[in-house]
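Engineer: Pasting a structure here, questions to come.
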Amino acid sequence: MPTPAFPHDHTDPLHRRVTIDGASHDYGDQLVWAGVATAPGLPATVLPIGASAAGLPIGAQVIGPMFEDRTPIRFAELVEHEFGGFTPPPLD
């Protein structure tokens, strides 16, 4: 998803909205990003790149070449090593 986590919405998915950078968008518009890797069958993984102001994780999807499943996983390992990965906030 192109946003950090947001409160769960129980409304009809066809009417669901999400706010991105202050603008309202159809919830389903976000699904196109998953298709970048899944439609052509490319291997992908998500790596932690930081946290939102609320402490929620923010990740980036990395996509590898066809049949090279270990490439994006290894890249994610290298990024985690350099940037520290994700540390969950303490529970209240």
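For the structure tokens, the naming scheme is as follows: chains receive sequential letters (A, B, ...) according to their order of presentation, residues are indexed from 1 within each chain, and ligands are indexed from 1 in presentation order.
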Skipping near chain neighbours, those fewer than 3 positions away, what residues fall within 12 Å of A:Pro7 using only C-alpha atoms, listed as a PyMOL selection string?

Structural biologist: chain A and resi 3-4+10-11+16-19+56

Engineer: Just list as a list in words whatever in stretch 29-92 of chain A DSSP marks as helix (DSSP H, G or I).

Structural biologist: Asp29, Gln30, Leu31, Val32, Trp33, Ala34, Gly35, Val36, Ala37, Thr38, Arg70, Thr71, Pro72, Ile73, Arg74, Phe75, Ala76, Glu77, Leu78, Val79, Glu80, His81, Glu82 and Phe83 of chain A

Engineer: What lies within 7 Å of stretch 84-89 of chain A using only C-alpha atoms, ignoring chain neighbours under 6 positions off, as JSON, numbers by chain?

Structural biologist: {"A": [48, 49, 50, 55]}

Engineer: Output the selection as a tab-separated table (two decimals), in the first residue's frame - N, CA and C atoms for each residue.

Structural biologist:
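And here's part10.tsv as it stands now:
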```
chain	number	residue	atom	x	y	z
A	48	PRO	N	11.49	-2.98	5.41
A	48	PRO	CA	11.18	-1.82	6.24
A	48	PRO	C	12.14	-0.68	5.92
A	49	ILE	N	11.57	0.53	5.76
A	49	ILE	CA	12.43	1.68	5.47
A	49	ILE	C	12.26	2.80	6.49
A	50	GLY	N	11.39	2.62	7.45
A	50	GLY	CA	11.20	3.65	8.46
A	50	GLY	C	9.87	3.51	9.16
A	55	GLY	N	4.56	6.08	14.52
A	55	GLY	CA	5.33	4.89	14.84
A	55	GLY	C	4.94	3.65	14.06
```

Engineer: Got a sec: who's within 10 Å of A:Thr45, counting only C-alpha atoms, leaving out chain neighbours fewer than 4 positions off, as a compact mmCIF listing (two decimals) with C-alpha atoms, in the first residue's frame?

Structural biologist:
```
# COMPACT_ATOMS: atom_id res chain seq x y z
CA ALA A 37 4.95 -7.61 -9.45
CA GLY A 59 7.99 -0.40 3.79
CA ALA A 60 9.08 -0.47 0.17
CA GLN A 61 8.40 -3.27 -2.28
CA VAL A 62 11.42 -4.50 -4.20
CA ILE A 63 10.91 -6.56 -7.33
CA GLY A 64 13.46 -8.98 -8.76
CA ASP A 69 13.43 -15.23 -6.04
CA ARG A 70 16.48 -14.86 -3.82
CA THR A 71 17.54 -11.53 -5.37
CA PRO A 72 14.91 -9.27 -3.76
CA ILE A 73 15.21 -11.19 -0.48
CA ARG A 74 18.98 -10.68 -0.43
CA PHE A 75 18.57 -7.01 -1.31
CA ALA A 76 16.12 -6.62 1.59
```

Engineer: Smallest atom-to-atom distance to A:Glu77: which of A:Asp21, A:Asp29, A:Leu47, A:His8, using only C-alpha atoms?

Structural biologist: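 Smallest separation from A:Glu77 among the options: A:Leu47.
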
Engineer: Mind pulling up the distance from atom CA of A:Ser52 to atom CA of A:Leu31?

Structural biologist: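 Separation of atom CA of A:Leu31 and atom CA of A:Ser52: 21.0 Å.
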
Engineer: Could you pull out the strand (DSSP E or B) residues of chain A from DSSP and send them as a list in words?

Structural biologist: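 Checking each residue of chain A, the strand (DSSP E or B) ones are Arg17, Val18, Thr19, Ile20, Ala23, Ser24, His25, Asp26, Ala44, Thr45, Val46, Leu47, Pro48, Ile49, Gly50, Ala51, Pro57, Ile58, Gly59, Ala60, Gln61, Val62 and Ile63 of chain A.
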
Engineer: For atom CA of A:Pro13 and atom CA of A:Gly28, quote the distance in Å rounded to one decimal.

Structural biologist: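 Pair atom CA of A:Pro13 / atom CA of A:Gly28 returns 7.7 Å.
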
Engineer: For a quick check of understanding, using only C-alpha atoms, which of A:Ala51, A:Ala39, A:Val46, A:His81 has the smallest distance to A:Met66?

Structural biologist: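 Of the candidates, the smallest distance to A:Met66 is held by A:Ala39.
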
Engineer: Given only C-alpha atoms as the basis, pick out the residue of A:Gly41, A:Phe6, A:His15, A:Val79 nearest to A:Tyr27.

Structural biologist: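 Answer, going by the shortest atom-to-atom distance: A:His15.
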